[in-house]
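Source file: final-v1.cif (mmCIF, C-alpha atoms and all ligand atoms)
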data_model
#
loop_
_atom_site.label_atom_id
_atom_site.label_comp_id
_atom_site.auth_asym_id
_atom_site.auth_seq_id
_atom_site.Cartn_x
_atom_site.Cartn_y
_atom_site.Cartn_z
CA MET A 1 -2.47 16.04 -14.52
CA LYS A 2 -5.90 15.94 -12.87
CA ALA A 3 -5.56 13.36 -10.27
CA PRO A 4 -7.50 10.59 -8.64
CA TRP A 5 -7.09 12.17 -5.24
CA HIS A 6 -9.83 14.66 -6.06
CA ALA A 7 -12.18 11.75 -5.80
CA LEU A 8 -10.28 10.24 -2.90
CA ALA A 9 -9.62 13.32 -0.76
CA GLY A 10 -11.48 12.99 2.51
CA THR A 11 -12.62 9.52 1.54
CA LEU A 12 -9.25 7.82 1.03
CA PRO A 13 -9.87 4.14 1.57
CA GLU A 14 -8.64 3.32 5.06
CA SER A 15 -6.92 0.18 3.80
CA ARG A 16 -4.76 2.26 1.43
CA LEU A 17 -3.84 4.70 4.14
CA LEU A 18 -3.01 1.93 6.60
CA ALA A 19 -0.97 0.09 3.98
CA SER A 20 1.01 3.28 3.38
CA VAL A 21 1.70 3.82 7.07
CA ALA A 22 2.63 0.16 7.53
CA GLU A 23 4.98 0.45 4.55
CA PHE A 24 7.05 3.35 5.83
CA THR A 25 7.05 2.35 9.52
CA HIS A 26 8.55 -1.07 8.81
CA HIS A 27 11.94 0.59 8.19
CA ARG A 28 14.50 0.63 11.02
CA ASP A 29 16.96 2.75 9.14
CA ILE A 30 16.24 6.50 9.28
CA ASP A 31 17.32 7.26 5.69
CA ALA A 32 15.17 4.41 4.35
CA LEU A 33 12.27 5.59 6.54
CA ASP A 34 12.55 9.15 5.17
CA HIS A 35 12.63 7.96 1.56
CA SER A 36 9.72 5.62 2.09
CA MET A 37 7.60 8.26 3.86
CA VAL A 38 7.89 10.91 1.12
CA LEU A 39 7.24 8.27 -1.54
CA SER A 40 4.18 6.90 0.29
CA LEU A 41 2.70 10.39 0.57
CA ALA A 42 3.45 11.21 -3.06
CA GLU A 43 1.70 8.02 -4.14
CA LEU A 44 -1.38 8.77 -2.03
CA VAL A 45 -1.86 12.39 -3.03
CA ALA A 46 -1.56 13.90 -6.51
CA VAL A 47 1.40 16.18 -5.97
CA SER A 48 4.32 17.34 -8.03
CA SER A 49 6.61 16.87 -5.02
CA VAL A 50 6.81 15.95 -1.34
CA THR A 51 9.72 17.35 0.69
CA LEU A 52 10.83 16.19 4.13
CA CYS A 53 13.06 18.64 5.96
CA LYS A 54 14.77 17.81 9.27
CA ARG A 55 15.66 20.57 11.65
CA GLY A 56 19.31 21.40 12.41
CA GLU A 57 20.58 22.13 15.90
CA SER A 58 21.62 25.77 15.49
CA LEU A 59 20.38 29.07 14.12
CA GLN A 60 23.21 29.14 11.57
CA HIS A 61 22.17 25.71 10.25
CA PRO A 62 18.38 25.55 10.65
CA VAL A 63 18.13 22.52 8.35
CA ASP A 64 19.96 19.22 8.87
CA SER A 65 18.71 17.19 5.90
CA ILE A 66 16.29 17.44 3.00
CA VAL A 67 14.70 14.57 1.06
CA VAL A 68 12.52 15.30 -1.96
CA CYS A 69 10.21 12.95 -3.85
CA SER A 70 9.34 14.45 -7.27
CA ARG A 71 6.98 13.23 -9.95
CA LYS A 72 8.86 12.34 -13.14
CA PRO A 73 7.46 13.77 -16.41
CA GLY A 74 7.00 10.29 -17.87
CA GLY A 75 5.33 8.90 -14.72
CA GLY A 76 6.67 7.44 -11.49
CA PHE A 77 8.73 9.24 -8.86
CA VAL A 78 12.31 10.00 -8.05
CA VAL A 79 13.48 10.37 -4.43
CA GLU A 80 16.73 12.19 -3.67
CA ALA A 81 18.57 13.81 -0.78
CA ILE A 82 19.54 17.41 -1.49
CA ASP A 83 22.02 19.82 0.08
CA PRO A 84 20.56 21.15 3.38
CA GLY A 85 22.72 24.28 3.05
CA ARG A 86 20.39 25.77 0.43
CA GLU A 87 19.01 29.23 1.05
CA GLY A 88 15.95 31.19 -0.07
CA ASP A 89 12.50 29.87 -0.86
CA PRO A 90 11.13 27.25 -0.18
CA ILE A 91 13.63 26.62 2.66
CA ASP A 92 12.70 29.95 4.29
CA THR A 93 9.02 28.98 4.27
CA ILE A 94 9.78 25.58 5.77
CA VAL A 95 11.97 27.13 8.49
CA CYS A 96 9.17 29.62 9.24
CA ALA A 97 6.69 26.74 9.74
CA MET A 98 9.18 24.95 12.00
CA GLU A 99 9.78 28.06 14.09
CA THR A 100 6.15 29.09 14.49
CA LEU A 101 4.81 25.50 14.70
CA GLU A 102 2.05 26.68 12.33
CA ALA A 103 1.05 25.04 9.07
CA ILE A 104 1.50 27.24 5.99
CA SER A 105 -0.79 26.98 2.98
CA ASP A 106 -0.03 29.30 0.08
CA VAL A 107 0.26 29.64 -3.69
CA THR A 108 3.66 30.48 -5.24
CA GLU A 109 4.20 33.04 -8.01
CA ASP A 110 3.99 30.34 -10.68
CA GLY A 111 0.59 29.19 -9.35
CA THR A 112 1.79 26.09 -7.47
CA SER A 113 -0.24 25.22 -4.35
CA ARG A 114 1.95 24.58 -1.36
CA LEU A 115 1.27 23.06 2.03
CA VAL A 116 3.89 23.02 4.81
CA ILE A 117 3.17 21.04 7.99
CA PRO A 118 5.62 21.14 10.91
CA ILE A 119 6.57 17.79 12.45
CA GLN A 120 6.47 18.18 16.22
CA ARG A 121 7.97 16.36 19.13
CA GLU A 122 7.50 17.61 22.69
CA HIS A 123 6.28 21.07 21.63
CA ALA A 124 9.15 21.72 19.23
CA ALA A 125 9.49 21.11 15.50
CA ILE A 126 11.92 18.38 14.55
CA GLY A 127 11.20 18.97 10.87
CA ALA A 128 8.48 19.72 8.33
CA LEU A 129 6.70 18.20 5.39
CA MET A 130 6.07 20.28 2.27
CA LEU A 131 3.72 19.24 -0.52
CA GLU A 132 3.49 21.03 -3.87
CA ALA A 133 0.68 20.47 -6.36
CA GLU A 134 -1.20 22.05 -9.25
CA ASP A 135 -4.44 22.16 -7.27
CA SER A 136 -5.38 23.18 -3.75
CA LEU A 137 -4.11 20.87 -1.03
CA ASP A 138 -6.65 21.96 1.61
CA GLU A 139 -8.58 18.69 1.47
CA VAL A 140 -5.56 16.53 2.27
CA ARG A 141 -4.26 18.73 5.07
CA SER A 142 -5.56 16.60 7.96
CA MET A 143 -4.14 13.46 6.38
CA VAL A 144 -0.70 15.08 5.98
CA GLU A 145 -0.88 16.24 9.60
CA GLY A 146 -1.59 12.63 10.59
CA PHE A 147 1.47 11.47 8.63
CA ALA A 148 3.57 14.15 10.35
CA ARG A 149 2.39 12.95 13.79
CA ILE A 150 3.08 9.28 13.08
CA TYR A 151 6.47 10.14 11.59
CA GLY A 152 7.36 12.34 14.62
CA ASN A 153 6.56 9.53 17.09
CA TYR A 154 8.33 6.88 15.08
CA ILE A 155 11.49 8.89 14.43
CA ALA A 156 11.78 9.57 18.19
CA LEU A 157 11.89 5.82 18.79
CA LEU A 158 14.51 5.27 16.09
CA ASN A 159 16.59 8.21 17.33
CA GLU A 160 16.70 6.73 20.81
CA SER A 161 18.24 3.56 19.44
CA GLU A 162 20.93 5.62 17.65
CA ARG A 163 21.95 7.63 20.71
CA ASP A 164 24.19 6.97 23.67
CA LYS A 165 22.05 7.05 26.81
CA LEU A 166 24.44 9.04 29.02
CA THR A 167 25.54 11.79 26.62
CA GLY A 168 22.88 11.88 23.90
CA LEU A 169 25.66 11.69 21.26
CA TYR A 170 25.36 9.12 18.49
CA ASN A 171 26.39 5.62 19.51
CA ARG A 172 28.71 3.26 17.72
CA ARG A 173 25.84 1.39 16.05
CA SER A 174 24.97 4.42 13.96
CA PHE A 175 28.55 5.17 12.90
CA GLU A 176 28.65 3.45 9.51
CA GLN A 177 25.37 4.93 8.33
CA ARG A 178 26.22 8.48 9.48
CA LEU A 179 29.59 8.24 7.80
CA GLN A 180 28.09 7.12 4.48
CA ARG A 181 25.56 9.94 4.65
CA LEU A 182 28.29 12.51 5.25
CA LEU A 183 30.44 11.20 2.41
CA LYS A 184 27.45 11.33 0.07
CA LEU A 185 26.69 14.92 1.07
CA GLN A 186 30.30 15.87 0.56
CA ARG A 187 30.23 14.32 -2.91
CA GLN A 188 27.15 16.38 -3.75
CA ARG A 189 28.77 19.54 -2.40
CA SER A 190 32.00 19.05 -4.31
CA ARG A 191 30.01 18.37 -7.52
CA GLY A 192 28.11 21.62 -6.87
CA ALA A 193 31.34 23.46 -6.12
CA THR A 194 32.97 22.16 -9.29
CA ALA A 195 29.99 23.32 -11.36
CA ALA A 196 29.92 26.72 -9.63
CA GLY A 197 33.72 27.01 -9.69
CA LYS A 198 33.67 27.96 -13.37
CA GLU A 199 31.85 31.20 -12.61
CA GLN A 200 32.89 32.02 -9.07
CA ARG A 201 35.73 31.40 -6.68
CA GLN A 202 35.24 28.49 -4.33
CA SER A 203 34.93 29.27 -0.65
CA PRO A 204 37.23 27.29 1.67
CA ASP A 205 34.29 25.12 2.78
CA ASP A 206 33.55 24.07 -0.81
CA VAL A 207 36.81 22.20 -0.92
CA SER A 208 36.64 20.69 2.56
CA GLN A 209 37.83 17.19 3.32
CA LEU A 210 36.55 14.79 5.91
CA PHE A 211 38.59 13.68 8.92
CA LEU A 212 37.94 11.07 11.56
CA ALA A 213 39.21 11.81 15.06
CA ILE A 214 39.26 9.65 18.19
CA LEU A 215 39.37 11.40 21.56
CA ASP A 216 40.21 9.53 24.74
CA ILE A 217 40.24 10.93 28.28
CA ASP A 218 43.68 10.52 29.86
CA HIS A 219 44.05 8.36 32.95
CA PHE A 220 40.32 7.99 33.26
CA LYS A 221 40.71 4.89 35.42
CA ARG A 222 42.40 7.08 38.03
CA ILE A 223 39.43 9.48 37.99
CA ASN A 224 37.04 6.59 38.63
CA ASP A 225 39.28 5.06 41.24
CA THR A 226 39.83 8.34 43.08
CA TYR A 227 36.41 9.98 42.89
CA GLY A 228 34.05 7.11 41.99
CA HIS A 229 32.06 6.28 38.86
CA VAL A 230 29.42 8.94 39.46
CA TYR A 231 32.01 11.70 39.10
CA GLY A 232 33.58 9.79 36.21
CA ASP A 233 30.21 9.80 34.45
CA GLU A 234 29.84 13.51 35.18
CA VAL A 235 33.16 14.20 33.40
CA ILE A 236 32.00 12.15 30.39
CA LEU A 237 28.70 14.04 30.29
CA MET A 238 30.29 17.50 30.59
CA LEU A 239 32.90 16.66 27.99
CA ALA A 240 30.16 15.60 25.57
CA GLN A 241 28.36 18.92 26.15
CA GLN A 242 31.58 20.83 25.58
CA MET A 243 32.18 18.90 22.37
CA ARG A 244 28.71 19.80 21.11
CA ALA A 245 29.34 23.46 21.89
CA SER A 246 32.83 23.52 20.33
CA PHE A 247 32.42 21.66 17.07
CA ARG A 248 30.41 22.78 14.09
CA GLN A 249 26.84 21.70 13.64
CA GLY A 250 27.78 19.71 10.53
CA ASP A 251 30.43 17.71 12.39
CA VAL A 252 29.13 14.41 13.75
CA LEU A 253 29.97 13.29 17.28
CA PHE A 254 29.81 9.77 18.69
CA ARG A 255 30.47 8.16 22.03
CA PHE A 256 31.92 4.83 21.05
CA GLY A 257 31.91 3.56 24.61
CA GLY A 258 33.64 4.24 27.93
CA GLU A 259 35.75 7.42 27.80
CA GLU A 260 36.23 7.26 24.05
CA PHE A 261 34.64 9.59 21.51
CA VAL A 262 34.76 9.63 17.71
CA MET A 263 34.25 12.74 15.58
CA LEU A 264 33.68 13.18 11.86
CA ILE A 265 34.93 16.65 11.03
CA ALA A 266 34.94 18.57 7.75
CA ALA A 267 37.96 20.83 7.34
CA ARG A 268 39.88 22.48 4.53
CA ASP A 269 43.01 20.42 5.16
CA GLU A 270 45.01 18.63 7.83
CA GLU A 271 46.34 21.86 9.29
CA ALA A 272 42.80 23.23 9.73
CA VAL A 273 41.51 20.08 11.47
CA HIS A 274 44.56 20.08 13.72
CA VAL A 275 43.85 23.66 14.81
CA VAL A 276 40.21 22.81 15.65
CA LEU A 277 41.10 19.67 17.62
CA ASP A 278 43.99 21.26 19.45
CA ARG A 279 41.82 24.22 20.43
CA PHE A 280 39.39 21.76 22.03
CA ARG A 281 42.20 19.87 23.75
CA ARG A 282 43.46 23.14 25.25
CA PHE A 283 39.96 24.11 26.30
CA VAL A 284 39.53 20.81 28.20
CA ALA A 285 42.95 21.13 29.85
CA GLY A 286 42.04 24.60 31.09
CA HIS A 287 38.64 23.64 32.49
CA ALA A 288 38.00 22.57 36.08
CA TYR A 289 35.48 19.71 36.33
CA PRO A 290 33.35 19.44 39.48
CA GLN A 291 35.24 17.70 42.27
CA VAL A 292 37.66 16.07 39.81
CA GLY A 293 39.41 19.30 38.78
CA HIS A 294 41.67 19.22 35.74
CA VAL A 295 41.39 16.53 33.09
CA THR A 296 43.29 16.10 29.85
CA VAL A 297 42.47 14.35 26.59
CA SER A 298 44.51 12.76 23.81
CA ILE A 299 43.33 12.88 20.20
CA GLY A 300 44.36 10.98 17.07
CA TYR A 301 42.92 11.72 13.64
CA ALA A 302 43.16 10.60 10.01
CA ARG A 303 41.76 11.73 6.68
CA ILE A 304 38.83 9.76 5.29
CA THR A 305 37.66 9.57 1.67
CA GLU A 306 34.80 7.66 0.11
CA ASN A 307 37.15 4.94 -1.12
CA ASP A 308 38.48 4.15 2.36
CA TYR A 309 37.18 1.32 4.49
CA PRO A 310 35.92 2.93 7.73
CA GLU A 311 37.73 0.26 9.78
CA ILE A 312 41.03 1.21 8.17
CA VAL A 313 40.57 4.90 8.95
CA LEU A 314 39.46 4.12 12.51
CA ASP A 315 42.62 2.09 12.89
CA ARG A 316 44.78 4.91 11.49
CA ALA A 317 43.25 7.45 13.89
CA ASP A 318 43.69 4.91 16.70
CA LYS A 319 47.38 4.56 15.84
CA ALA A 320 47.79 8.35 16.03
CA LEU A 321 45.92 8.31 19.37
CA TYR A 322 48.19 5.54 20.64
CA PHE A 323 51.17 7.67 19.64
CA ALA A 324 49.74 10.56 21.69
CA LYS A 325 49.26 8.24 24.69
CA GLN A 326 52.83 6.97 24.37
CA ASN A 327 54.25 10.47 24.09
CA GLY A 328 53.01 12.30 27.13
CA ARG A 329 49.22 12.41 26.47
CA ASP A 330 47.34 15.78 26.42
CA SER A 331 48.15 16.18 22.70
CA VAL A 332 46.76 15.88 19.16
CA HIS A 333 48.38 13.86 16.37
CA GLY A 334 47.45 13.21 12.74
CA TYR A 335 48.14 9.83 11.15
CA GLU A 336 49.26 11.30 7.82
CA SER A 337 51.82 13.68 9.40
CA LEU A 338 53.15 10.99 11.70
CA THR A 339 53.64 8.60 8.78
CA ALA A 340 55.22 11.31 6.62
CA ARG A 341 57.71 12.00 9.43
CA GLY A 342 58.38 8.27 9.77
CA GLU A 343 57.18 8.24 13.36
CA LEU A 344 54.71 5.39 12.91
CA ALA A 345 55.29 1.82 11.87
CA SER A 346 54.36 0.66 8.33
CA PRO A 347 50.94 1.66 6.93
CA VAL A 348 47.89 -0.30 8.03
CA ALA A 349 46.86 -3.20 5.80
CA LEU A 350 43.36 -4.63 5.66
CA GLY A 351 43.10 -7.82 7.67
CA SER A 352 45.61 -6.75 10.31
CA ILE A 353 43.11 -4.81 12.34
CA ASP A 354 42.35 -5.26 15.99
CA LEU A 355 40.14 -2.33 16.88
CA PHE A 356 40.16 -0.96 20.40
N1 LIG B 1 32.60 6.33 35.04
C1 LIG B 1 32.69 5.55 33.95
N2 LIG B 1 33.82 4.86 33.71
C2 LIG B 1 33.90 4.08 32.61
C3 LIG B 1 32.83 4.01 31.70
N3 LIG B 1 33.23 3.16 30.69
C4 LIG B 1 34.49 2.75 30.97
N4 LIG B 1 34.93 3.29 32.13
C5 LIG B 1 36.22 3.14 32.79
O1 LIG B 1 37.21 3.88 32.08
C6 LIG B 1 38.50 3.35 32.44
C7 LIG B 1 39.40 3.34 31.21
O2 LIG B 1 40.66 2.96 31.62
P1 LIG B 1 41.86 2.60 30.67
O3 LIG B 1 41.35 2.06 29.37
O4 LIG B 1 42.83 1.76 31.45
O5 LIG B 1 42.53 3.96 30.29
P2 LIG B 1 42.89 5.25 31.12
O6 LIG B 1 42.91 5.02 32.59
O7 LIG B 1 41.98 6.34 30.64
O8 LIG B 1 44.36 5.52 30.65
P3 LIG B 1 44.88 6.08 29.26
O9 LIG B 1 43.79 5.94 28.25
O10 LIG B 1 46.07 5.25 28.93
O11 LIG B 1 45.24 7.51 29.49
C8 LIG B 1 38.25 1.97 33.04
O12 LIG B 1 38.52 2.05 34.42
C9 LIG B 1 36.75 1.73 32.81
O13 LIG B 1 36.16 0.99 33.87
C10 LIG B 1 31.64 4.74 31.99
O14 LIG B 1 30.65 4.74 31.24
N5 LIG B 1 31.61 5.51 33.12
#
Written as structure tokens, how would this file's structure read?
Amino acid sequence: MKAPWHALAGTLPESRLLASVAEFTHHRDIDALDHSMVLSLAELVAVSSVTLCKRGESLQHPVDSIVVCSRKPGGGFVVEAIDPGREGDPIDTIVCAMETLEAISDVTEDGTSRLVIPIQREHAAIGALMLEAEDSLDEVRSMVEGFARIYGNYIALLNESERDKLTGLYNRRSFEQRLQRLLKLQRQRSRGATAAGKEQRQSPDDVSQLFLAILDIDHFKRINDTYGHVYGDEVILMLAQQMRASFRQGDVLFRFGGEEFVMLIAARDEEAVHVVLDRFRRFVAGHAYPQVGHVTVSIGYARITENDYPEIVLDRADKALYFAKQNGRDSVHGYESLTARGELASPVALGSIDLF
């Protein structure tokens, strides 16, 4: 399709551009912002697709999320989130642009023109935009760079409101949205695994389940009372750093408030999540914190599926945590095992919840 942007490129009416920017920056929700941004760009420029890639936090997982807006054959667009674990081209090209902070403009083997622009924040790439089209994209390059700059600034503001100020972990406000995103991704992965399962054996990760864990520092009041709040804060900060280093990049960590942390962890089964959590508990118990010395943590966890109410699962994990606190602290307990062994009172019913 020969597109109107040929006529518009370089002379896009300012009002259209401004309307587009105003449209995507009115969102306060990051997923909605991402969807709106790729759609706005796709509507402005005649492309077959616009992809927004967000950078992951480790070398093993260079991409955290991918949203693609594609032109439908019959007209209009479809916007969808796709699995960030994909490998090969074009992900490699996008990662290259993010690492070098250089735009990439090339033509693929099937003759598609491609433009990849890194999205920067404080001299590092937080993501990249990739446009694909039948014709050269050179003329729209500066406009796409402008979009990338506005998006980079705006996402930094939104990220700040999602993060806990002391630790930089996600805060409680962002819990529900992060959880829904993770469940959706898991659904996509298990659909992919089921389709692939016919031809090849599934890897353990393909069949992973999601668990919610609550970690609470033991006798934290004593730490504050003995050493003062500044050292208490230091313990919270160091623990958050140790959590980041210990858990996988795909696991999502929150500070819910005070000395209480929540984790969303993918694991093959209850035994696997128990091993991971207990390893962290042991690590903390063996570490000496500045001035304060040894600290222990108690952890309760529960399985979470897409049909569960988050409040119910939080309450289950909290019950397992309470059990740990009542039974000597410095331990890890799973709600399902405790209930199976008859060590907890009757299962939690909706409406009976008094969280934290
Ligand atoms: N330094 C510091 N202390 C905090 C913060 N938020 C909450 N606290 C303190 O954390 C303490 C939590 O105490 P409790 O809930 O009684 O629990 P605990 O002493 O950890 O005892 P157990 O949980 O039963 O092992 C309180 O003294 C709070 O004032 C914070 O951001 N920084």
For segment 97-186 of chain A against segment 62-79 of chain A, with a cut-off of 12 Å and counting only C-alpha atoms, what is the closest atom pair and its distance in Å to one decimal for every residue that makes the cut, ordered by chain and number, as a tab-separated table?
residue	atom	partner	partner_atom	distance
A:Ala97	CA	A:Pro62	CA	11.8
A:Met98	CA	A:Pro62	CA	9.3
A:Glu99	CA	A:Pro62	CA	9.6
A:Ala125	CA	A:Pro62	CA	11.1
A:Ile126	CA	A:Val63	CA	9.7
A:Gly127	CA	A:Val63	CA	8.2
A:Ala128	CA	A:Ile66	CA	9.7
A:Leu129	CA	A:Val67	CA	9.8
A:Met130	CA	A:Val68	CA	9.2
A:Leu131	CA	A:Cys69	CA	9.6
A:Glu132	CA	A:Ser70	CA	9.4
A:Ala133	CA	A:Arg71	CA	10.2
A:Arg181	CA	A:Ser65	CA	10.1
A:Leu182	CA	A:Ser65	CA	10.7
A:Leu185	CA	A:Ser65	CA	9.6
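You will find atom CA of Glu260 of chain A at 5.8 Å from atom CA of Leu215 of chain A.
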Expected residue set, 12 Å radius at (41.1, 11.7, 42.9), only C-alpha atoms, as a ChimeraX atom specification
/A:219-229,231-232,289-295
Long-range neighbours of Leu179 of chain A as a PyMOL selection string, 12 Å cut-off, only C-alpha atoms, 5 positions minimum in chain
chain A and resi 170+172-174+184-186+210-212+250-254+262-266+304-306+308-311+313-314
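Distance annotation: of A:Tyr335, A:Phe175, A:Phe256, A:Phe280, the residue with the minimal separation from ligand LIG 1 (chain B) is A:Phe256; atom set is all atoms listed in the file.
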For Tyr301 of chain A, which residue among A:Ala148, A:Val95, A:Ile119, A:Leu277 is the nearest when counting all atoms listed in the file?
A:Leu277
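Between atom CA of Gln326 of chain A and atom CA of Asp216 of chain A lies a distance of 12.9 Å.
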Distance atom CA of Gln242 of chain A-atom CA of Gly257 of chain A, one decimal place?
17.3 Å
Go through A:Asn327, A:Gln249, A:Ser298, A:Gln241 and flag the residue nearest ligand LIG 1 (chain B), using all atoms listed in the file for the distances.
A:Ser298
In terms of all atoms listed in the file, the residue from A:Ser337, A:Arg279, A:Ser36, A:Gly258 at minimal distance from Phe323 of chain A is A:Ser337
